[in-house]
Every structure is written in structure tokens, then in C-alpha cells.
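So this block is model-v7.pdb, PDB, N, CA and C atoms:
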```
MODEL        1
ATOM      1  N   MET A   1       0.842  -1.187   0.000
ATOM      2  CA  MET A   1       0.000   0.000   0.000
ATOM      3  C   MET A   1       0.887   1.250   0.000
ATOM      4  N   ASP A   2       0.572   2.171  -0.863
ATOM      5  CA  ASP A   2       1.326   3.417  -0.999
ATOM      6  C   ASP A   2       0.845   4.406   0.065
ATOM      7  N   LEU A   3       1.781   4.930   0.856
ATOM      8  CA  LEU A   3       1.404   5.822   1.949
ATOM      9  C   LEU A   3       1.732   7.282   1.662
ATOM     10  N   ARG A   4       2.095   7.593   0.412
ATOM     11  CA  ARG A   4       2.365   8.991   0.069
ATOM     12  C   ARG A   4       1.073   9.797   0.154
ATOM     13  N   PRO A   5       1.198  11.097   0.428
ATOM     14  CA  PRO A   5       0.006  11.956   0.383
ATOM     15  C   PRO A   5      -0.547  11.976  -1.047
ATOM     16  N   PHE A   6      -1.854  12.086  -1.166
ATOM     17  CA  PHE A   6      -2.481  12.095  -2.485
ATOM     18  C   PHE A   6      -1.924  13.209  -3.373
ATOM     19  N   ALA A   7      -1.469  14.289  -2.785
ATOM     20  CA  ALA A   7      -0.921  15.397  -3.565
ATOM     21  C   ALA A   7       0.296  14.976  -4.379
ATOM     22  N   GLU A   8       0.964  13.907  -3.984
ATOM     23  CA  GLU A   8       2.137  13.425  -4.697
ATOM     24  C   GLU A   8       1.799  12.415  -5.788
ATOM     25  N   TYR A   9       0.559  11.987  -5.869
ATOM     26  CA  TYR A   9       0.159  10.989  -6.857
ATOM     27  C   TYR A   9       0.032  11.634  -8.229
ATOM     28  N   SER A  10       0.292  10.855  -9.251
ATOM     29  CA  SER A  10       0.087  11.332 -10.618
ATOM     30  C   SER A  10      -1.417  11.406 -10.897
ATOM     31  N   ASP A  11      -1.774  12.158 -11.918
ATOM     32  CA  ASP A  11      -3.182  12.236 -12.304
ATOM     33  C   ASP A  11      -3.732  10.862 -12.652
ATOM     34  N   SER A  12      -2.963  10.077 -13.382
ATOM     35  CA  SER A  12      -3.461   8.763 -13.789
ATOM     36  C   SER A  12      -3.688   7.846 -12.586
ATOM     37  N   THR A  13      -2.829   7.931 -11.590
ATOM     38  CA  THR A  13      -3.025   7.139 -10.377
ATOM     39  C   THR A  13      -4.278   7.595  -9.638
ATOM     40  N   LEU A  14      -4.452   8.910  -9.531
ATOM     41  CA  LEU A  14      -5.660   9.430  -8.878
ATOM     42  C   LEU A  14      -6.916   8.978  -9.612
ATOM     43  N   ILE A  15      -6.878   9.029 -10.930
ATOM     44  CA  ILE A  15      -8.047   8.615 -11.710
ATOM     45  C   ILE A  15      -8.345   7.136 -11.476
ATOM     46  N   ASP A  16      -7.312   6.303 -11.467
ATOM     47  CA  ASP A  16      -7.519   4.878 -11.186
ATOM     48  C   ASP A  16      -8.160   4.679  -9.814
ATOM     49  N   LEU A  17      -7.689   5.419  -8.833
ATOM     50  CA  LEU A  17      -8.265   5.319  -7.490
ATOM     51  C   LEU A  17      -9.706   5.823  -7.470
ATOM     52  N   CYS A  18      -9.982   6.873  -8.232
ATOM     53  CA  CYS A  18     -11.347   7.402  -8.310
ATOM     54  C   CYS A  18     -12.294   6.385  -8.943
ATOM     55  N   VAL A  19     -11.816   5.702  -9.965
ATOM     56  CA  VAL A  19     -12.624   4.653 -10.596
ATOM     57  C   VAL A  19     -12.971   3.581  -9.568
ATOM     58  N   ASP A  20     -12.050   3.334  -8.645
ATOM     59  CA  ASP A  20     -12.287   2.369  -7.565
ATOM     60  C   ASP A  20     -13.062   2.968  -6.397
ATOM     61  N   ARG A  21     -13.608   4.174  -6.599
ATOM     62  CA  ARG A  21     -14.481   4.859  -5.624
ATOM     63  C   ARG A  21     -13.748   5.364  -4.377
ATOM     64  N   ASP A  22     -12.505   5.771  -4.540
ATOM     65  CA  ASP A  22     -11.747   6.333  -3.425
ATOM     66  C   ASP A  22     -12.092   7.826  -3.308
ATOM     67  N   GLU A  23     -12.837   8.180  -2.288
ATOM     68  CA  GLU A  23     -13.300   9.559  -2.119
ATOM     69  C   GLU A  23     -12.156  10.539  -1.863
ATOM     70  N   SER A  24     -11.134  10.110  -1.176
ATOM     71  CA  SER A  24      -9.990  10.994  -0.911
ATOM     72  C   SER A  24      -9.258  11.326  -2.205
ATOM     73  N   ALA A  25      -9.147  10.368  -3.087
ATOM     74  CA  ALA A  25      -8.512  10.613  -4.381
ATOM     75  C   ALA A  25      -9.360  11.584  -5.199
ATOM     76  N   TRP A  26     -10.675  11.429  -5.144
ATOM     77  CA  TRP A  26     -11.566  12.348  -5.868
ATOM     78  C   TRP A  26     -11.410  13.771  -5.334
ATOM     79  N   ARG A  27     -11.368  13.921  -4.026
ATOM     80  CA  ARG A  27     -11.186  15.256  -3.435
ATOM     81  C   ARG A  27      -9.877  15.887  -3.905
ATOM     82  N   GLU A  28      -8.822  15.093  -3.964
ATOM     83  CA  GLU A  28      -7.531  15.608  -4.430
ATOM     84  C   GLU A  28      -7.611  16.019  -5.894
ATOM     85  N   LEU A  29      -8.246  15.217  -6.712
ATOM     86  CA  LEU A  29      -8.369  15.537  -8.131
ATOM     87  C   LEU A  29      -9.167  16.826  -8.328
ATOM     88  N   VAL A  30     -10.255  16.966  -7.590
ATOM     89  CA  VAL A  30     -11.061  18.190  -7.674
ATOM     90  C   VAL A  30     -10.244  19.386  -7.207
ATOM     91  N   GLN A  31      -9.558  19.244  -6.093
ATOM     92  CA  GLN A  31      -8.742  20.347  -5.578
ATOM     93  C   GLN A  31      -7.648  20.722  -6.575
ATOM     94  N   ARG A  32      -7.063  19.748  -7.199
ATOM     95  CA  ARG A  32      -5.964  19.974  -8.140
ATOM     96  C   ARG A  32      -6.406  20.799  -9.349
ATOM     97  N   TYR A  33      -7.634  20.592  -9.806
ATOM     98  CA  TYR A  33      -8.077  21.231 -11.048
ATOM     99  C   TYR A  33      -9.191  22.258 -10.881
ATOM    100  N   SER A  34      -9.655  22.490  -9.679
ATOM    101  CA  SER A  34     -10.757  23.429  -9.453
ATOM    102  C   SER A  34     -10.468  24.824  -9.977
ATOM    103  N   ARG A  35      -9.326  25.355  -9.614
ATOM    104  CA  ARG A  35      -9.007  26.732 -10.009
ATOM    105  C   ARG A  35      -8.905  26.868 -11.527
ATOM    106  N   LEU A  36      -8.258  25.922 -12.174
ATOM    107  CA  LEU A  36      -8.104  25.964 -13.621
ATOM    108  C   LEU A  36      -9.466  25.895 -14.321
ATOM    109  N   ILE A  37     -10.299  24.972 -13.894
ATOM    110  CA  ILE A  37     -11.607  24.811 -14.529
ATOM    111  C   ILE A  37     -12.478  26.039 -14.278
ATOM    112  N   TYR A  38     -12.506  26.504 -13.037
ATOM    113  CA  TYR A  38     -13.339  27.666 -12.737
ATOM    114  C   TYR A  38     -12.833  28.910 -13.485
ATOM    115  N   TYR A  39     -11.521  29.104 -13.508
ATOM    116  CA  TYR A  39     -10.942  30.240 -14.220
ATOM    117  C   TYR A  39     -11.322  30.194 -15.705
ATOM    118  N   THR A  40     -11.217  29.028 -16.288
ATOM    119  CA  THR A  40     -11.546  28.877 -17.704
ATOM    120  C   THR A  40     -12.999  29.221 -17.974
ATOM    121  N   ILE A  41     -13.884  28.753 -17.117
ATOM    122  CA  ILE A  41     -15.313  29.014 -17.299
ATOM    123  C   ILE A  41     -15.629  30.489 -17.076
ATOM    124  N   LYS A  42     -15.152  31.031 -15.978
ATOM    125  CA  LYS A  42     -15.510  32.394 -15.573
ATOM    126  C   LYS A  42     -14.775  33.457 -16.375
ATOM    127  N   VAL A  43     -13.474  33.358 -16.439
ATOM    128  CA  VAL A  43     -12.678  34.429 -17.024
ATOM    129  C   VAL A  43     -12.498  34.242 -18.530
ATOM    130  N   ARG A  44     -12.019  33.095 -18.928
ATOM    131  CA  ARG A  44     -11.725  32.888 -20.350
ATOM    132  C   ARG A  44     -12.990  32.819 -21.198
ATOM    133  N   CYS A  45     -14.046  32.196 -20.653
ATOM    134  CA  CYS A  45     -15.297  32.073 -21.422
ATOM    135  C   CYS A  45     -16.267  33.207 -21.118
ATOM    136  N   GLY A  46     -16.030  33.940 -20.027
ATOM    137  CA  GLY A  46     -16.804  35.134 -19.730
ATOM    138  C   GLY A  46     -18.195  34.910 -19.144
ATOM    139  N   PHE A  47     -18.412  33.792 -18.475
ATOM    140  CA  PHE A  47     -19.717  33.555 -17.859
ATOM    141  C   PHE A  47     -19.874  34.357 -16.578
ATOM    142  N   LYS A  48     -21.091  34.727 -16.268
ATOM    143  CA  LYS A  48     -21.385  35.401 -15.003
ATOM    144  C   LYS A  48     -21.245  34.397 -13.865
ATOM    145  N   GLU A  49     -21.116  34.932 -12.647
ATOM    146  CA  GLU A  49     -20.846  34.120 -11.457
ATOM    147  C   GLU A  49     -21.808  32.934 -11.306
ATOM    148  N   ASP A  50     -23.109  33.187 -11.334
ATOM    149  CA  ASP A  50     -24.085  32.106 -11.144
ATOM    150  C   ASP A  50     -23.973  31.048 -12.224
ATOM    151  N   ASP A  51     -23.831  31.486 -13.458
ATOM    152  CA  ASP A  51     -23.700  30.546 -14.567
ATOM    153  C   ASP A  51     -22.388  29.763 -14.464
ATOM    154  N   ALA A  52     -21.324  30.448 -14.103
ATOM    155  CA  ALA A  52     -20.018  29.800 -13.982
ATOM    156  C   ALA A  52     -20.057  28.710 -12.912
ATOM    157  N   GLU A  53     -20.700  28.974 -11.801
ATOM    158  CA  GLU A  53     -20.793  27.972 -10.729
ATOM    159  C   GLU A  53     -21.583  26.754 -11.176
ATOM    160  N   GLU A  54     -22.653  26.967 -11.889
ATOM    161  CA  GLU A  54     -23.462  25.852 -12.379
ATOM    162  C   GLU A  54     -22.689  25.012 -13.400
ATOM    163  N   ILE A  55     -22.025  25.687 -14.313
ATOM    164  CA  ILE A  55     -21.230  24.980 -15.323
ATOM    165  C   ILE A  55     -20.084  24.225 -14.659
ATOM    166  N   TYR A  56     -19.447  24.850 -13.695
ATOM    167  CA  TYR A  56     -18.349  24.228 -12.940
ATOM    168  C   TYR A  56     -18.811  22.907 -12.329
ATOM    169  N   GLN A  57     -19.964  22.917 -11.687
ATOM    170  CA  GLN A  57     -20.496  21.692 -11.091
ATOM    171  C   GLN A  57     -20.780  20.636 -12.152
ATOM    172  N   LYS A  58     -21.328  21.064 -13.271
ATOM    173  CA  LYS A  58     -21.644  20.119 -14.347
ATOM    174  C   LYS A  58     -20.378  19.515 -14.948
ATOM    175  N   VAL A  59     -19.323  20.306 -15.035
ATOM    176  CA  VAL A  59     -18.052  19.796 -15.552
ATOM    177  C   VAL A  59     -17.548  18.663 -14.671
ATOM    178  N   PHE A  60     -17.569  18.855 -13.359
ATOM    179  CA  PHE A  60     -17.074  17.808 -12.474
ATOM    180  C   PHE A  60     -17.985  16.590 -12.457
ATOM    181  N   ILE A  61     -19.264  16.777 -12.638
ATOM    182  CA  ILE A  61     -20.174  15.629 -12.754
ATOM    183  C   ILE A  61     -19.836  14.835 -14.014
ATOM    184  N   LYS A  62     -19.594  15.538 -15.115
ATOM    185  CA  LYS A  62     -19.212  14.869 -16.368
ATOM    186  C   LYS A  62     -17.894  14.117 -16.195
ATOM    187  N   ILE A  63     -16.938  14.736 -15.530
ATOM    188  CA  ILE A  63     -15.658  14.070 -15.288
ATOM    189  C   ILE A  63     -15.886  12.804 -14.476
ATOM    190  N   LEU A  64     -16.642  12.914 -13.404
ATOM    191  CA  LEU A  64     -16.915  11.759 -12.552
ATOM    192  C   LEU A  64     -17.615  10.652 -13.327
ATOM    193  N   ASP A  65     -18.571  11.019 -14.141
ATOM    194  CA  ASP A  65     -19.324  10.035 -14.929
ATOM    195  C   ASP A  65     -18.472   9.343 -15.991
ATOM    196  N   ASN A  66     -17.357   9.981 -16.373
ATOM    197  CA  ASN A  66     -16.548   9.462 -17.472
ATOM    198  C   ASN A  66     -15.120   9.105 -17.073
ATOM    199  N   LEU A  67     -14.869   8.908 -15.795
ATOM    200  CA  LEU A  67     -13.521   8.624 -15.329
ATOM    201  C   LEU A  67     -12.893   7.421 -16.023
ATOM    202  N   GLU A  68     -13.671   6.399 -16.270
ATOM    203  CA  GLU A  68     -13.112   5.189 -16.886
ATOM    204  C   GLU A  68     -12.650   5.432 -18.311
ATOM    205  N   LYS A  69     -13.141   6.497 -18.951
ATOM    206  CA  LYS A  69     -12.762   6.815 -20.332
ATOM    207  C   LYS A  69     -11.569   7.761 -20.406
ATOM    208  N   ILE A  70     -11.233   8.382 -19.279
ATOM    209  CA  ILE A  70     -10.163   9.383 -19.279
ATOM    210  C   ILE A  70      -8.814   8.686 -19.278
TER     211      ILE A  70
ENDMDL
END
```

Represent the structure contained in this file as C-alpha cells.
Amino acid sequence: MDLRPFAEYSDSTLIDLCVDRDESAWRELVQRYSRLIYYTIKVRCGFKEDDAEEIYQKVFIKILDNLEKI
């Protein structure tokens, strides 16, 4: 068993753990990419705050639903 902090895991390792329903790995993956995804939606695409938050949530739902394909 690997005892490194999740922050040290590669994306592919985190995704494999997420596919196996590891909630801590999912939290790390979300934390790792939250700022980038939100910035892209809000600033780069120019959505208003409420719309950006809704889209942000939908993006992570799509990611979760498609982890095995990533």
C-alpha cells in the first residue's frame, strides 16, 4: 500500500483510485483542477458568477461520470 500523500500521486493514479471509488482521491483531483476549470469558465469564457458555478459543477459531474474513459 502506498502511503504517500495524495498530492504526490500522478493524475493517472488518482483517476484509477477514483474509478475504484476512493473519495480521498476524488477530493484531491477536484482540488488539483478546481481553479483551472473555474478560471476557464468564468474568465476565459466570460460567464457570469451564477452561470459559472453551475457549469463548474456540471463539468465535475461529467468528469466523474466518465472517469473510466479518461

With all atoms listed in the file as the atoms that count, which of A:Ile61, A:Leu67, A:Ile41, A:Ile55 lies nearest to Asp16 in chain A? A:Leu67

Translate the PyMOL selection byres ((chain A and resi 68) around 8) into a concrete residue list for this structure, as a list in words. Ile15, Asp16, Cys18, Val19, Ile63, Leu64, Asp65, Asn66, Leu67, Lys69 and Ile70 of chain A

Could you check how far CA of Ala25 in chain A sits from CA of Phe47 in chain A, in Å to one decimal?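 Here the two named atoms are 28.9 Å from each other.
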
Applying 12 Å and only C-alpha atoms, which residues near Phe60 in chain A remain after dropping the ones on its own chain fewer than 5 positions away? List them as a ChimeraX atom specification. /A:26-27,29-31,33-34,37-38,53-55,65-67

Selection from above, N, CA and C atoms, as an mmCIF file, in the coordinates of the input, can you write it?
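Contents of selection_39.cif, freshly written:
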```cif
data_model
loop_
_atom_site.group_PDB
_atom_site.id
_atom_site.type_symbol
_atom_site.label_atom_id
_atom_site.label_comp_id
_atom_site.auth_asym_id
_atom_site.auth_seq_id
_atom_site.Cartn_x
_atom_site.Cartn_y
_atom_site.Cartn_z
ATOM 1 N N TRP A 26 -10.675 11.429 -5.144
ATOM 2 C CA TRP A 26 -11.566 12.348 -5.868
ATOM 3 C C TRP A 26 -11.410 13.771 -5.334
ATOM 4 N N ARG A 27 -11.368 13.921 -4.026
ATOM 5 C CA ARG A 27 -11.186 15.256 -3.435
ATOM 6 C C ARG A 27 -9.877 15.887 -3.905
ATOM 7 N N LEU A 29 -8.246 15.217 -6.712
ATOM 8 C CA LEU A 29 -8.369 15.537 -8.131
ATOM 9 C C LEU A 29 -9.167 16.826 -8.328
ATOM 10 N N VAL A 30 -10.255 16.966 -7.590
ATOM 11 C CA VAL A 30 -11.061 18.190 -7.674
ATOM 12 C C VAL A 30 -10.244 19.386 -7.207
ATOM 13 N N GLN A 31 -9.558 19.244 -6.093
ATOM 14 C CA GLN A 31 -8.742 20.347 -5.578
ATOM 15 C C GLN A 31 -7.648 20.722 -6.575
ATOM 16 N N TYR A 33 -7.634 20.592 -9.806
ATOM 17 C CA TYR A 33 -8.077 21.231 -11.048
ATOM 18 C C TYR A 33 -9.191 22.258 -10.881
ATOM 19 N N SER A 34 -9.655 22.490 -9.679
ATOM 20 C CA SER A 34 -10.757 23.429 -9.453
ATOM 21 C C SER A 34 -10.468 24.824 -9.977
ATOM 22 N N ILE A 37 -10.299 24.972 -13.894
ATOM 23 C CA ILE A 37 -11.607 24.811 -14.529
ATOM 24 C C ILE A 37 -12.478 26.039 -14.278
ATOM 25 N N TYR A 38 -12.506 26.504 -13.037
ATOM 26 C CA TYR A 38 -13.339 27.666 -12.737
ATOM 27 C C TYR A 38 -12.833 28.910 -13.485
ATOM 28 N N GLU A 53 -20.700 28.974 -11.801
ATOM 29 C CA GLU A 53 -20.793 27.972 -10.729
ATOM 30 C C GLU A 53 -21.583 26.754 -11.176
ATOM 31 N N GLU A 54 -22.653 26.967 -11.889
ATOM 32 C CA GLU A 54 -23.462 25.852 -12.379
ATOM 33 C C GLU A 54 -22.689 25.012 -13.400
ATOM 34 N N ILE A 55 -22.025 25.687 -14.313
ATOM 35 C CA ILE A 55 -21.230 24.980 -15.323
ATOM 36 C C ILE A 55 -20.084 24.225 -14.659
ATOM 37 N N ASP A 65 -18.571 11.019 -14.141
ATOM 38 C CA ASP A 65 -19.324 10.035 -14.929
ATOM 39 C C ASP A 65 -18.472 9.343 -15.991
ATOM 40 N N ASN A 66 -17.357 9.981 -16.373
ATOM 41 C CA ASN A 66 -16.548 9.462 -17.472
ATOM 42 C C ASN A 66 -15.120 9.105 -17.073
ATOM 43 N N LEU A 67 -14.869 8.908 -15.795
ATOM 44 C CA LEU A 67 -13.521 8.624 -15.329
ATOM 45 C C LEU A 67 -12.893 7.421 -16.023
#
```

Let's see if you can do this: from backbone DSSP, list all helix (DSSP H, G or I) residues in chain A, as JSON, numbers by chain. {"A": [6, 7, 8, 11, 12, 13, 14, 15, 16, 17, 18, 19, 23, 24, 25, 26, 27, 28, 29, 30, 31, 32, 33, 34, 35, 36, 37, 38, 39, 40, 41, 42, 43, 44, 49, 50, 51, 52, 53, 54, 55, 56, 57, 58, 59, 60, 61, 62, 63, 64, 65, 67, 68, 69]}

Provide the atom C of Glu49 in chain A to atom C of Arg32 in chain A distance in Å, to one decimal place. 19.7 Å

Distance atom N of Asp11 in chain A-atom C of Glu28 in chain A, one decimal place? 9.2 Å
